[in-house]
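Engineer: Dropping in run-v4.txt, with compact mmCIF, C-alpha atoms and all ligand atoms.
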# COMPACT_ATOMS: atom_id res chain seq x y z
CA MET D 19 5.39 17.98 3.08
CA SER D 20 6.04 21.27 4.90
CA ALA D 21 9.38 23.09 5.32
CA ARG D 22 9.73 21.33 8.67
CA ASP D 23 8.15 17.95 8.72
CA THR D 24 8.31 14.99 11.09
CA ALA D 25 7.74 11.29 10.57
CA ASP D 26 8.36 8.04 12.41
CA VAL D 27 10.24 6.79 9.38
CA LEU D 28 11.58 8.55 6.29
CA VAL D 29 12.11 6.08 3.44
CA VAL D 30 14.35 7.39 0.64
CA GLY D 31 13.68 5.66 -2.69
CA ALA D 32 10.41 4.29 -4.09
CA GLY D 33 11.79 1.26 -5.90
CA LEU D 34 10.37 -2.07 -4.86
CA ALA D 35 12.42 -2.14 -1.63
CA GLY D 36 11.29 1.30 -0.46
CA LEU D 37 7.67 0.80 -1.46
CA HIS D 38 7.45 -2.55 0.32
CA THR D 39 9.16 -1.36 3.53
CA ALA D 40 7.02 1.79 3.67
CA THR D 41 3.75 -0.11 3.12
CA LEU D 42 4.48 -2.72 5.79
CA LEU D 43 5.35 -0.03 8.35
CA ALA D 44 2.30 2.11 7.57
CA ARG D 45 0.05 -0.95 7.89
CA ARG D 46 1.36 -1.27 11.44
CA GLY D 47 0.27 2.24 12.25
CA HIS D 48 3.53 4.16 11.81
CA ASP D 49 3.77 7.57 10.17
CA VAL D 50 5.88 7.01 7.03
CA LEU D 51 7.13 9.55 4.51
CA LEU D 52 8.42 8.00 1.25
CA ALA D 53 10.47 10.30 -1.02
CA ASP D 54 11.73 9.60 -4.54
CA ARG D 55 13.49 11.89 -6.96
CA ARG D 56 11.51 10.42 -9.86
CA ARG D 57 8.43 12.47 -10.74
CA ARG D 58 6.60 9.40 -12.02
CA LEU D 59 7.13 5.81 -11.02
CA ASP D 60 6.25 4.41 -14.44
CA GLY D 61 9.36 5.94 -16.02
CA ALA D 62 13.17 5.65 -15.68
CA ILE D 63 12.86 1.93 -14.97
CA ARG D 64 16.13 0.13 -14.32
CA THR D 65 15.18 -3.51 -14.17
CA THR D 66 14.17 -6.25 -16.60
CA GLY D 67 11.66 -7.29 -13.96
CA ILE D 68 12.08 -11.07 -14.02
CA PHE D 69 10.46 -12.52 -10.91
CA VAL D 70 11.49 -16.03 -9.88
CA ARG D 71 9.11 -18.75 -8.74
CA LYS D 72 9.92 -18.38 -5.03
CA THR D 73 8.96 -14.71 -5.12
CA LEU D 74 5.77 -15.42 -7.03
CA ASP D 75 4.90 -18.10 -4.44
CA ASP D 76 5.65 -15.95 -1.39
CA PHE D 77 4.57 -12.41 -2.32
CA ALA D 78 1.21 -11.15 -3.57
CA LEU D 79 2.18 -9.33 -6.77
CA PRO D 80 -0.76 -8.04 -8.84
CA PRO D 81 -1.38 -10.78 -11.46
CA ASP D 82 -2.38 -8.25 -14.14
CA CYS D 83 1.15 -6.75 -13.87
CA LEU D 84 2.87 -10.05 -14.68
CA GLY D 85 3.64 -11.57 -18.08
CA PRO D 86 3.07 -15.21 -19.06
CA PRO D 87 5.04 -17.90 -17.18
CA ILE D 88 8.43 -18.91 -18.60
CA ARG D 89 9.63 -22.51 -18.32
CA ARG D 90 12.40 -22.62 -20.92
CA VAL D 91 16.00 -21.36 -20.65
CA VAL D 92 18.43 -21.68 -23.57
CA LEU D 93 22.17 -21.28 -22.90
CA TYR D 94 24.38 -20.30 -25.85
CA PRO D 95 28.16 -20.42 -26.26
CA PRO D 96 29.82 -17.42 -27.94
CA ASP D 97 29.41 -18.95 -31.45
CA ARG D 98 25.70 -19.65 -30.64
CA ARG D 99 26.06 -23.22 -31.99
CA ARG D 100 24.53 -26.25 -30.22
CA PRO D 101 22.84 -24.33 -27.39
CA VAL D 102 21.79 -26.15 -24.23
CA VAL D 103 18.00 -26.15 -23.85
CA LEU D 104 16.63 -26.53 -20.34
CA ASP D 105 12.89 -27.04 -19.79
CA SER D 106 11.23 -27.05 -16.41
CA ASP D 107 7.96 -28.74 -15.55
CA ARG D 108 7.08 -25.74 -13.37
CA ASP D 109 6.50 -22.06 -14.09
CA GLU D 110 9.93 -20.63 -13.26
CA TYR D 111 9.78 -16.94 -14.15
CA ARG D 112 7.39 -14.15 -15.01
CA VAL D 113 8.41 -10.74 -16.29
CA GLY D 114 6.79 -7.88 -14.43
CA ASP D 115 5.19 -5.03 -16.35
CA MET D 116 7.19 -2.62 -14.19
CA GLY D 117 5.59 0.48 -15.70
CA ALA D 118 2.32 -0.73 -14.15
CA LEU D 119 3.73 -2.55 -11.14
CA TYR D 120 5.49 0.41 -9.46
CA PRO D 121 2.38 2.66 -9.63
CA ALA D 122 0.23 -0.23 -8.34
CA ALA D 123 2.62 -0.67 -5.40
CA ALA D 124 2.52 3.11 -4.80
CA ARG D 125 -1.30 3.02 -4.66
CA GLU D 126 -1.09 0.20 -2.15
CA ALA D 127 1.37 2.27 -0.09
CA ALA D 128 -0.91 5.32 -0.18
CA ASP D 129 -3.90 3.17 0.82
CA ALA D 130 -1.90 1.97 3.83
CA GLY D 131 -1.30 5.61 4.82
CA VAL D 132 2.19 6.25 3.41
CA ARG D 133 2.79 9.91 2.48
CA LEU D 134 4.42 9.76 -0.93
CA ALA D 135 6.61 12.68 -2.06
CA LEU D 136 7.60 12.27 -5.73
CA GLY D 137 9.97 14.61 -7.55
CA THR D 138 11.71 14.91 -4.18
CA ARG D 139 15.44 14.29 -3.84
CA TYR D 140 17.22 13.35 -0.64
CA ALA D 141 20.02 15.92 -0.36
CA GLY D 142 21.81 14.96 2.84
CA ARG D 143 21.57 15.30 6.60
CA ALA D 144 21.66 18.53 8.62
CA ASP D 145 21.04 19.22 12.32
CA GLY D 146 19.76 15.71 12.98
CA GLY D 147 17.27 15.92 10.12
CA SER D 148 17.18 14.92 6.44
CA LEU D 149 17.11 17.49 3.67
CA LEU D 150 14.57 16.86 0.91
CA ALA D 151 14.60 19.00 -2.22
CA GLY D 152 11.13 18.93 -3.78
CA PRO D 153 8.91 20.96 -6.09
CA ASP D 154 8.29 23.51 -3.28
CA GLY D 155 11.93 23.91 -2.27
CA VAL D 156 14.04 22.29 0.42
CA ALA D 157 12.48 20.87 3.58
CA ARG D 158 14.17 19.45 6.67
CA VAL D 159 12.46 16.30 7.87
CA ARG D 160 13.00 14.95 11.35
CA ALA D 161 12.35 11.22 11.41
CA ARG D 162 13.08 8.74 14.19
CA PHE D 163 14.58 6.42 11.55
CA VAL D 164 15.80 6.88 7.98
CA VAL D 165 15.63 3.98 5.53
CA GLY D 166 18.05 4.03 2.61
CA ALA D 167 16.18 2.39 -0.27
CA ASP D 168 17.98 4.63 -2.73
CA GLY D 169 19.68 2.02 -4.86
CA ALA D 170 23.18 0.68 -5.49
CA ARG D 171 24.96 4.01 -4.97
CA SER D 172 23.10 4.97 -1.81
CA ALA D 173 23.64 8.48 -0.44
CA VAL D 174 21.79 7.49 2.74
CA ALA D 175 24.36 4.73 3.35
CA ARG D 176 27.12 7.32 3.02
CA ASP D 177 25.45 9.78 5.38
CA LEU D 178 24.63 7.17 8.04
CA GLY D 179 28.22 5.90 7.90
CA LEU D 180 27.10 2.43 6.78
CA ASP D 181 28.78 0.07 4.30
CA ARG D 182 28.58 0.91 0.60
CA ASN D 183 28.65 -1.22 -2.55
CA THR D 184 32.01 -1.39 -4.25
CA HIS D 185 31.63 -4.53 -6.42
CA LEU D 186 29.25 -3.58 -9.23
CA LEU D 187 28.21 -4.70 -12.69
CA VAL D 188 26.47 -2.37 -15.12
CA GLY D 189 23.61 -3.49 -17.31
CA ALA D 190 21.53 -2.07 -20.15
CA GLU D 191 18.62 -3.38 -22.16
CA GLU D 192 16.07 -2.54 -24.81
CA VAL D 193 12.43 -3.48 -24.35
CA PHE D 194 9.82 -3.62 -27.09
CA PRO D 195 6.48 -5.29 -27.78
CA VAL D 196 6.48 -8.51 -29.83
CA ALA D 197 3.75 -10.53 -31.43
CA ASP D 198 3.19 -13.95 -29.90
CA GLY D 199 5.01 -16.20 -32.36
CA GLY D 200 3.41 -19.32 -30.90
CA GLY D 201 6.66 -20.66 -29.43
CA PRO D 202 7.15 -21.16 -25.69
CA PRO D 203 8.09 -18.07 -23.66
CA THR D 204 11.88 -18.33 -23.43
CA PHE D 205 14.83 -16.87 -21.57
CA HIS D 206 17.86 -16.93 -23.92
CA CYS D 207 21.26 -16.47 -22.25
CA VAL D 208 24.51 -15.96 -24.18
CA LEU D 209 27.76 -16.55 -22.34
CA ASP D 210 30.27 -14.40 -24.18
CA PRO D 211 32.68 -12.15 -22.27
CA SER D 212 33.27 -10.00 -25.37
CA LEU D 213 29.60 -8.95 -25.12
CA ALA D 214 28.95 -9.32 -21.40
CA PRO D 215 32.23 -9.53 -19.44
CA GLY D 216 31.62 -11.34 -16.12
CA TYR D 217 27.92 -11.91 -16.71
CA LEU D 218 25.68 -12.71 -19.67
CA ALA D 219 23.77 -11.25 -22.57
CA TRP D 220 20.05 -12.05 -22.64
CA VAL D 221 16.87 -12.08 -24.65
CA VAL D 222 13.67 -12.67 -22.72
CA ASP D 223 10.67 -13.17 -24.97
CA ASP D 224 7.44 -14.03 -23.17
CA GLY D 225 5.26 -13.56 -26.24
CA ARG D 226 4.28 -10.01 -25.22
CA HIS D 227 7.56 -8.16 -24.83
CA ALA D 228 11.18 -8.84 -25.69
CA HIS D 229 13.98 -7.64 -23.43
CA VAL D 230 17.40 -7.62 -25.08
CA GLY D 231 20.26 -6.80 -22.76
CA VAL D 232 23.87 -7.13 -21.69
CA ALA D 233 25.59 -6.67 -18.33
CA GLY D 234 29.13 -6.99 -17.07
CA TYR D 235 32.08 -5.25 -15.44
CA ALA D 236 32.14 -1.65 -16.75
CA ALA D 237 35.90 -1.55 -17.29
CA ARG D 238 35.96 -4.78 -19.29
CA PHE D 239 33.56 -4.01 -22.16
CA PRO D 240 35.90 -3.86 -25.16
CA ASP D 241 34.03 -0.89 -26.68
CA GLY D 242 31.71 0.17 -23.86
CA LEU D 243 28.32 -1.01 -22.58
CA ARG D 244 26.17 0.75 -25.19
CA ALA D 245 28.26 -0.54 -28.10
CA ALA D 246 28.09 -4.08 -26.68
CA LEU D 247 24.30 -3.81 -26.50
CA ARG D 248 24.15 -2.53 -30.08
CA ARG D 249 26.33 -5.40 -31.29
CA PHE D 250 24.25 -7.96 -29.41
CA ALA D 251 20.88 -6.54 -30.47
CA THR D 252 21.77 -7.07 -34.13
CA GLY D 253 21.25 -10.77 -34.51
CA ALA D 254 20.52 -11.71 -30.89
CA PRO D 255 19.05 -15.22 -30.65
CA GLY D 256 15.32 -15.84 -30.43
CA LEU D 257 14.22 -12.51 -31.90
CA PRO D 258 11.86 -11.95 -34.81
CA ALA D 259 13.59 -10.54 -37.91
CA GLY D 260 13.60 -6.76 -38.45
CA ARG D 261 14.11 -3.89 -36.03
CA PRO D 262 11.31 -3.11 -33.60
CA GLY D 263 9.42 0.17 -33.74
CA GLU D 264 9.23 1.78 -30.34
CA VAL D 265 12.01 0.80 -27.94
CA GLU D 266 12.26 1.55 -24.23
CA ARG D 267 15.82 1.76 -22.86
CA ARG D 268 16.69 0.67 -19.34
CA GLY D 269 19.92 0.30 -17.42
CA GLY D 270 21.85 0.81 -14.24
CA PRO D 271 24.39 -0.55 -11.78
CA ILE D 272 23.97 -3.98 -10.15
CA PRO D 273 25.77 -4.66 -6.85
CA VAL D 274 27.17 -8.21 -6.85
CA GLY D 275 29.52 -8.19 -3.85
CA GLY D 276 26.89 -9.83 -1.64
CA LEU D 277 24.91 -8.36 1.23
CA LEU D 278 26.88 -5.61 2.98
CA ARG D 279 27.91 -6.21 6.58
CA ARG D 280 26.96 -2.96 8.29
CA ILE D 281 23.46 -2.13 7.09
CA GLY D 282 21.93 -0.66 10.24
CA CYS D 283 22.77 1.82 12.99
CA ALA D 284 20.90 3.76 15.69
CA ASP D 285 19.52 6.24 13.12
CA GLY D 286 18.38 3.94 10.36
CA LEU D 287 19.06 1.09 7.99
CA LEU D 288 19.44 0.05 4.35
CA VAL D 289 17.25 -2.17 2.15
CA GLY D 290 17.41 -3.47 -1.42
CA ASP D 291 20.34 -2.57 -3.66
CA ALA D 292 21.52 0.00 -1.09
CA ALA D 293 22.20 -2.95 1.25
CA GLY D 294 23.78 -5.03 -1.53
CA ALA D 295 20.83 -7.44 -1.33
CA VAL D 296 21.36 -9.00 -4.76
CA SER D 297 22.38 -12.54 -5.67
CA PRO D 298 26.08 -12.28 -6.55
CA LEU D 299 25.67 -15.05 -9.11
CA THR D 300 22.42 -14.38 -10.96
CA ALA D 301 22.37 -10.60 -10.23
CA GLY D 302 18.69 -10.98 -9.32
CA GLY D 303 17.68 -8.37 -6.76
CA LEU D 304 13.88 -8.37 -6.76
CA ASP D 305 13.42 -11.38 -4.48
CA PRO D 306 16.16 -10.24 -2.04
CA CYS D 307 14.80 -6.70 -1.85
CA LEU D 308 11.31 -7.91 -0.93
CA ARG D 309 12.60 -10.36 1.71
CA LEU D 310 15.05 -7.94 3.31
CA SER D 311 12.37 -5.20 3.35
CA ARG D 312 10.08 -7.50 5.31
CA HIS D 313 12.83 -8.06 7.87
CA ALA D 314 13.60 -4.32 8.00
CA ALA D 315 9.93 -3.51 8.66
CA ASP D 316 9.83 -6.07 11.51
CA VAL D 317 12.94 -4.60 13.12
CA LEU D 318 11.79 -0.98 12.74
CA ASP D 319 8.31 -1.79 14.04
CA ASP D 320 9.91 -3.38 17.08
CA ALA D 321 12.22 -0.40 17.60
CA LEU D 322 9.37 2.11 17.32
CA ARG D 323 7.14 0.17 19.68
CA THR D 324 9.70 -0.56 22.39
CA GLY D 325 11.69 2.66 21.98
CA ARG D 326 14.83 0.66 22.68
CA ALA D 327 17.97 2.13 21.18
CA ASP D 328 19.55 -1.28 20.59
CA ALA D 329 16.60 -2.74 18.64
CA LEU D 330 18.36 -2.26 15.31
CA ARG D 331 21.25 -4.48 16.31
CA HIS D 332 19.12 -7.36 15.03
CA TYR D 333 19.51 -5.93 11.56
CA ASP D 334 22.85 -7.50 10.90
CA GLY D 335 24.19 -7.95 7.36
CA ALA D 336 27.27 -9.83 8.54
CA ALA D 337 25.12 -12.65 9.99
CA LEU D 338 22.98 -12.99 6.84
CA ARG D 339 25.96 -12.72 4.53
CA ALA D 340 27.15 -16.21 5.44
CA ALA D 341 24.34 -17.65 3.27
CA PHE D 342 25.96 -16.07 0.20
CA ARG D 343 29.31 -17.84 0.50
CA GLY D 344 28.63 -20.37 -2.29
CA ARG D 345 27.20 -17.76 -4.65
CA LEU D 346 30.13 -15.42 -4.02
CA LEU D 347 32.47 -18.24 -4.96
CA LEU D 348 30.54 -18.88 -8.19
CA ARG D 349 30.60 -15.11 -8.91
CA ARG D 350 34.38 -15.26 -8.72
CA GLY D 351 34.27 -18.18 -11.17
CA LEU D 352 32.09 -16.24 -13.62
CA ALA D 353 34.30 -13.15 -13.29
CA ALA D 354 37.33 -15.27 -14.19
CA VAL D 355 35.87 -16.21 -17.60
CA ARG D 356 37.66 -13.54 -19.60
CA THR D 357 37.72 -14.82 -23.16
CA PRO D 358 35.14 -16.35 -25.54
CA ALA D 359 37.38 -19.46 -25.70
CA MET D 360 37.06 -19.92 -21.93
CA ALA D 361 33.26 -19.54 -22.14
CA ALA D 362 33.12 -22.03 -25.03
CA ALA D 363 35.18 -24.50 -22.98
CA ALA D 364 32.40 -24.68 -20.37
CA PHE D 365 29.87 -26.00 -22.90
CA PRO D 366 31.08 -29.57 -23.36
CA VAL D 367 30.60 -29.88 -19.57
CA LEU D 368 27.20 -28.13 -19.65
CA ARG D 369 26.03 -30.63 -22.28
CA THR D 370 26.66 -33.61 -19.97
CA ALA D 371 23.98 -34.85 -17.56
CA PRO D 372 25.80 -33.57 -14.43
CA GLY D 373 26.49 -30.24 -16.20
CA ARG D 374 22.82 -29.83 -17.11
CA ALA D 375 21.80 -30.79 -13.56
CA ALA D 376 24.13 -28.12 -12.13
CA ALA D 377 22.72 -25.50 -14.51
CA ARG D 378 19.18 -26.49 -13.57
CA ARG D 379 20.02 -26.08 -9.88
CA VAL D 380 21.17 -22.51 -10.48
CA LEU D 381 18.37 -21.56 -12.89
CA PHE D 382 15.42 -23.52 -11.52
CA GLY D 383 16.52 -24.07 -7.91
CA ASP D 384 14.55 -23.27 -4.78
CA ARG D 385 17.22 -21.17 -3.15
CA SER D 386 16.52 -17.53 -2.58
CA PHE D 387 17.62 -14.75 -0.29
CA PRO D 388 17.77 -16.11 3.27
CA ASP D 389 14.63 -15.25 5.18
CA PRO D 390 16.00 -13.70 8.34
CA ALA D 391 14.53 -15.28 11.49
CA ARG D 392 11.78 -13.05 12.83
CA ARG D 393 13.26 -12.08 16.13
CA THR D 394 12.00 -9.53 18.60
CA VAL D 395 13.97 -7.74 21.25
CA SER D 396 13.28 -9.34 24.58
C1 LIG L 401 19.51 -3.72 -16.30
C2 LIG L 401 19.08 -4.43 -15.06
C3 LIG L 401 18.24 -5.54 -15.13
C4 LIG L 401 17.86 -6.20 -13.98
N1 LIG L 401 17.01 -7.27 -14.10
C5 LIG L 401 16.61 -7.93 -12.99
C6 LIG L 401 15.67 -8.98 -13.09
O1 LIG L 401 15.17 -9.28 -14.16
N2 LIG L 401 15.31 -9.66 -11.95
C7 LIG L 401 15.83 -9.33 -10.72
O2 LIG L 401 15.49 -9.98 -9.73
N3 LIG L 401 16.69 -8.29 -10.60
C8 LIG L 401 17.07 -7.58 -11.68
N4 LIG L 401 17.92 -6.50 -11.56
C9 LIG L 401 18.24 -6.06 -10.20
C10 LIG L 401 16.99 -5.41 -9.58
O3 LIG L 401 16.36 -4.61 -10.53
C11 LIG L 401 17.32 -4.55 -8.36
O4 LIG L 401 18.08 -5.34 -7.46
C12 LIG L 401 16.07 -4.03 -7.67
O5 LIG L 401 15.22 -3.38 -8.57
C13 LIG L 401 16.47 -3.10 -6.53
O6 LIG L 401 15.37 -2.40 -6.03
P1 LIG L 401 15.61 -1.17 -5.05
O7 LIG L 401 14.26 -0.73 -4.63
O8 LIG L 401 16.59 -1.53 -4.01
O9 LIG L 401 16.34 -0.08 -5.95
P2 LIG L 401 15.83 0.77 -7.18
O10 LIG L 401 14.74 0.09 -7.91
O11 LIG L 401 17.06 1.20 -7.90
O12 LIG L 401 15.15 2.05 -6.49
C14 LIG L 401 15.91 3.08 -5.93
C15 LIG L 401 15.04 4.31 -5.95
O13 LIG L 401 15.71 5.33 -5.23
C16 LIG L 401 15.52 6.54 -5.90
N5 LIG L 401 16.61 7.43 -5.48
C17 LIG L 401 17.94 7.26 -5.66
N6 LIG L 401 18.62 8.29 -5.11
C18 LIG L 401 17.70 9.11 -4.57
C19 LIG L 401 17.78 10.36 -3.87
N7 LIG L 401 18.95 10.95 -3.59
N8 LIG L 401 16.62 10.94 -3.46
C20 LIG L 401 15.41 10.36 -3.72
N9 LIG L 401 15.29 9.20 -4.40
C21 LIG L 401 16.41 8.58 -4.80
C22 LIG L 401 15.54 6.18 -7.37
O14 LIG L 401 14.87 7.15 -8.14
C23 LIG L 401 14.82 4.85 -7.36
O15 LIG L 401 13.43 4.99 -7.58
C24 LIG L 401 18.31 -5.79 -12.70
C25 LIG L 401 19.14 -4.66 -12.61
C26 LIG L 401 19.51 -3.98 -13.77
C27 LIG L 401 20.39 -2.76 -13.64
Could I get this structure in the form of structure tokens?

Structural biologist:
Amino acid sequence: MSARDTADVLVVGAGLAGLHTATLLARRGHDVLLADRRRRLDGAIRTTGIFVRKTLDDFALPPDCLGPPIRRVVLYPPDRRRPVVLDSDRDEYRVGDMGALYPAAAREAADAGVRLALGTRYAGRADGGSLLAGPDGVARVRARFVVGADGARSAVARDLGLDRNTHLLVGAEEVFPVADGGGPPTFHCVLDPSLAPGYLAWVVDDGRHAHVGVAGYAARFPDGLRAALRRFATGAPGLPAGRPGEVERRGGPIPVGGLLRRIGCADGLLVGDAAGAVSPLTAGGLDPCLRLSRHAADVLDDALRTGRADALRHYDGAALRAAFRGRLLLRRGLAAVRTPAMAAAAFPVLRTAPGRAAARRVLFGDRSFPDPARRTVS
């Protein structure tokens, strides 16, 4: 990157959304610069990395970066007694080894021709260009389009005058290696608003790693997020006895207000968390970010080829948002569970056949982020 650089597309943020968008565009022959403030992509990871079946079916993720399949979910009330065990006859989830997966995706991007600038922070817009502060100082990059893939608190969204996330959860987790205890890989979920207000506390143990985490509304943790995680980690269900040796800590904000309405304009667009592309109910964002990135690459490719100023009008969050109505309603329901007694009251229903069927639909269902119709400007 030189002090004055040009590109067809500048992508800010090399999370999964930015990496995927950049790779697809470069494969179609466009000149793409991808900048991330992280110096290495195998560190400062913010996600548990649970991929759902639909994603595993539809996207070619490197198999050596995925943990063993998980078919069992166990739901616990606050007192952890009489949990509801749900088994699927299909492989429902696999946990990504994100420390390997991001670098693998970056190699794929570089092979496609993406110019990757790590340790390089997007610092705003000036004179029709984007300012990037990197190891060699500040450069001004002129790009036909800017893609904001810079996460839940996107600065690109702010600078392009697009919508921004306001409805957020915060989450934190500890990750450590475990010995395979011989039991089935399991996703343990504890519904207890004193630990995870508005969401859940989890242990995912796939026989290789355990992820122990909590997430919820920041203002509602009785003694803060970190303290809630500490409380949960002592005696969380499904864990081997004794404290682990080396622990990796992850965490970050999770937008759960649904896809934002205004996610594109004449100068660029948003993908991934920056666009609010996260399931409001499950808080899963990996499937949505891959699907929306595919749509973004189609729209940008079309815009670059035709040169038409209105090509980005097909990138419309308001139209896609309709598909989230049901999940937004359920999010409101989950947010309303404010006391352990309220969470406990849901369990007699969850233990009935219709209750279990409803839980299975949410946890093992085939719904995912709506695949936007592949339209071209005529
Ligand atoms: C604790 C936690 C656990 C989660 N677990 C799951 C899960 O198991 N399954 C699931 O589906 N979803 C999960 N999610 C949600 C999911 O991780 C995200 O939706 C998804 O990773 C979003 O990808 P992204 O590329 O949009 O953003 P990110 O992965 O956040 O990437 C944004 C990138 O932008 C970079 N960046 C930011 N600002 C700048 C700047 N100014 N200049 C340059 N670079 C910048 C950052 O360094 C980062 O690399 C979880 C979220 C959290 C917080």

Engineer: Tell me, counting only C-alpha atoms and all ligand atoms, for each residue of chain D within 7 Å of ligand LIG 401 (chain L), which pair of atoms is nearest and how far apart they are in Å to one decimal, in rows ordered by chain and increasing number, as CSV.

Structural biologist:
residue,atom,partner,partner_atom,distance
D:Val30,CA,L:LIG401,C20,5.4
D:Gly31,CA,L:LIG401,O13,3.3
D:Ala32,CA,L:LIG401,O15,4.7
D:Gly33,CA,L:LIG401,O7,3.4
D:Leu34,CA,L:LIG401,O7,4.1
D:Ala35,CA,L:LIG401,O7,3.8
D:Gly36,CA,L:LIG401,O7,5.5
D:Ala53,CA,L:LIG401,C20,5.6
D:Asp54,CA,L:LIG401,N9,3.6
D:Arg55,CA,L:LIG401,C20,4.1
D:Arg56,CA,L:LIG401,O14,5.0
D:Arg64,CA,L:LIG401,C27,5.2
D:Thr65,CA,L:LIG401,C3,3.8
D:Thr66,CA,L:LIG401,N1,3.9
D:Gly67,CA,L:LIG401,O1,4.0
D:Ile68,CA,L:LIG401,O1,3.6
D:Phe69,CA,L:LIG401,N2,5.7
D:Thr138,CA,L:LIG401,C20,5.9
D:Arg139,CA,L:LIG401,N8,3.6
D:Tyr140,CA,L:LIG401,N8,3.8
D:Ala141,CA,L:LIG401,N7,6.0
D:Ala167,CA,L:LIG401,O8,5.4
D:Asp168,CA,L:LIG401,O13,3.4
D:Gly169,CA,L:LIG401,C14,4.1
D:Ala170,CA,L:LIG401,O11,6.6
D:Ser172,CA,L:LIG401,N6,6.5
D:Ala173,CA,L:LIG401,N7,6.2
D:Val188,CA,L:LIG401,C27,6.3
D:Gly189,CA,L:LIG401,C1,4.2
D:Ala190,CA,L:LIG401,C1,4.7
D:Glu191,CA,L:LIG401,C1,5.9
D:Arg268,CA,L:LIG401,C1,6.0
D:Gly269,CA,L:LIG401,C1,4.2
D:Gly270,CA,L:LIG401,C27,3.9
D:Pro271,CA,L:LIG401,C27,4.9
D:Ile272,CA,L:LIG401,C27,5.1
D:Val289,CA,L:LIG401,O8,6.2
D:Gly290,CA,L:LIG401,O8,3.3
D:Asp291,CA,L:LIG401,O8,3.9
D:Ala292,CA,L:LIG401,O8,5.9
D:Val296,CA,L:LIG401,O4,5.6
D:Ala301,CA,L:LIG401,C9,6.1
D:Gly302,CA,L:LIG401,O2,3.4
D:Gly303,CA,L:LIG401,O4,3.1
D:Leu304,CA,L:LIG401,O2,3.7
D:Asp305,CA,L:LIG401,O2,5.8
D:Cys307,CA,L:LIG401,O8,5.9

Engineer: With distances taken over only C-alpha atoms, which of D:His206, D:Arg158, D:Arg385, D:Arg326 is nearest to Val70 (chain D)?

Structural biologist: D:Arg385

Engineer: So which one's closest to Gly117 (chain D), D:Pro211, D:Pro202, D:Pro195, D:Gly61? Using all atoms listed in the file, please.

Structural biologist: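 Checking each of D:Pro211, D:Pro202, D:Pro195, D:Gly61 against Gly117 (chain D), counting all atoms listed in the file, the winner is D:Gly61.
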
Engineer: Counting all atoms listed in the file, find residues at most 8 Å from (20.5, -4.1, 12.3) (file frame) and give them as a count of residues only.

Structural biologist: 13

Engineer: Output as JSON the centre and edge lengths (Å, one decimal) of the box along x, y and z of the file that holds every listed atom of region 52-60 of chain D after adding 6 Å on each side.

Structural biologist:
{"center_x": 9.9, "center_y": 8.4, "center_z": -6.6, "size_x": 19.2, "size_y": 20.1, "size_z": 27.7}

Engineer: For Arg112 (chain D), find every residue with an atom within 10 Å (counting all atoms listed in the file), except residues of its own chain fewer than 4 positions away, and show them as a PyMOL selection string.

Structural biologist: chain D and resi 67-71+74+83-89+203+224

Engineer: Could you tell me how far CA of Ala377 (chain D) sits from CA of Leu346 (chain D), in Å to one decimal place?

Structural biologist: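 Separating CA of Leu346 (chain D) from CA of Ala377 (chain D) is a distance of 16.3 Å.
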
Engineer: Would you mind reading off the distance between CA of Ala135 (chain D) and CA of Leu119 (chain D), one decimal, in Å?

Structural biologist: 18.0 Å

Engineer: Contacts between region 337-343 of chain D and region 190-302 of chain D, please, where a residue of region 190-302 of chain D counts if it comes within 12 Å (with all atoms listed in the file); show its shortest atom pair and distance in Å to one decimal, rows by chain and ascending number, as CSV.

Structural biologist:
residue,atom,partner,partner_atom,distance
D:Val274,CA,D:Phe342,CA,10.6
D:Gly275,CA,D:Phe342,CA,9.5
D:Gly276,CA,D:Phe342,CA,6.6
D:Leu277,CA,D:Arg339,CA,5.6
D:Leu278,CA,D:Arg339,CA,7.3
D:Arg279,CA,D:Arg339,CA,7.1
D:Arg280,CA,D:Ala337,CA,10.0
D:Ile281,CA,D:Leu338,CA,10.9
D:Ala293,CA,D:Arg339,CA,11.0
D:Gly294,CA,D:Arg339,CA,10.0
D:Ala295,CA,D:Arg339,CA,9.4
D:Val296,CA,D:Phe342,CA,9.8
D:Ser297,CA,D:Phe342,CA,7.7
D:Pro298,CA,D:Phe342,CA,7.7
D:Leu299,CA,D:Phe342,CA,9.4
D:Thr300,CA,D:Phe342,CA,11.8

Engineer: Excluding same-chain residues fewer than 3 positions from Asp384 (chain D), what lies within 9 Å of it counting all atoms listed in the file, as a list in words?

Structural biologist: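 Non-adjacent residues within range: Arg71, Lys72, Arg379 and Val380 of chain D.
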
Engineer: May I ask for the distance between CA of Ala236 (chain D) and CA of Leu209 (chain D), given in Å to one decimal place?

Structural biologist: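 Computing it gives 16.5 Å between the two atoms.
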
Engineer: In terms of the shortest atom-to-atom distance over all atoms listed in the file, which of D:Asn183, D:Ser212, D:Thr39, D:Thr204 is closest to Val113 (chain D)?

Structural biologist: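 With all atoms listed in the file as the atom set, the closest residue is D:Thr204.
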
Engineer: Ranking D:Gly179, D:Gly166, D:Pro358, D:Pro366 by minimum distance to Leu218 (chain D) and counting only C-alpha atoms, which one comes first?

Structural biologist: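 Of D:Gly179, D:Gly166, D:Pro358, D:Pro366, the one nearest Leu218 (chain D), counting only C-alpha atoms, is D:Pro358.
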
Engineer: Under the rule of at most 10 Å, produce a per-residue listing of region 205-227 of chain D near region 238-262 of chain D: chain, number, name, the closest pair of atoms, and the distance in Å, as CSV, using all atoms listed in the file.

Structural biologist:
residue,atom,partner,partner_atom,distance
D:Phe205,CA,D:Gly256,CA,8.9
D:His206,CA,D:Pro255,CA,7.0
D:Cys207,CA,D:Pro255,CA,8.8
D:Val208,CA,D:Pro255,CA,8.5
D:Pro211,CA,D:Phe239,CA,8.2
D:Ser212,CA,D:Pro240,CA,6.7
D:Leu213,CA,D:Ala246,CA,5.3
D:Ala214,CA,D:Phe239,CA,7.1
D:Pro215,CA,D:Arg238,CA,6.0
D:Gly216,CA,D:Arg238,CA,8.5
D:Ala219,CA,D:Phe250,CA,7.6
D:Trp220,CA,D:Ala254,CA,8.3
D:Val221,CA,D:Gly256,CA,7.1
D:Val222,CA,D:Gly256,CA,8.5
D:Asp223,CA,D:Gly256,CA,7.7
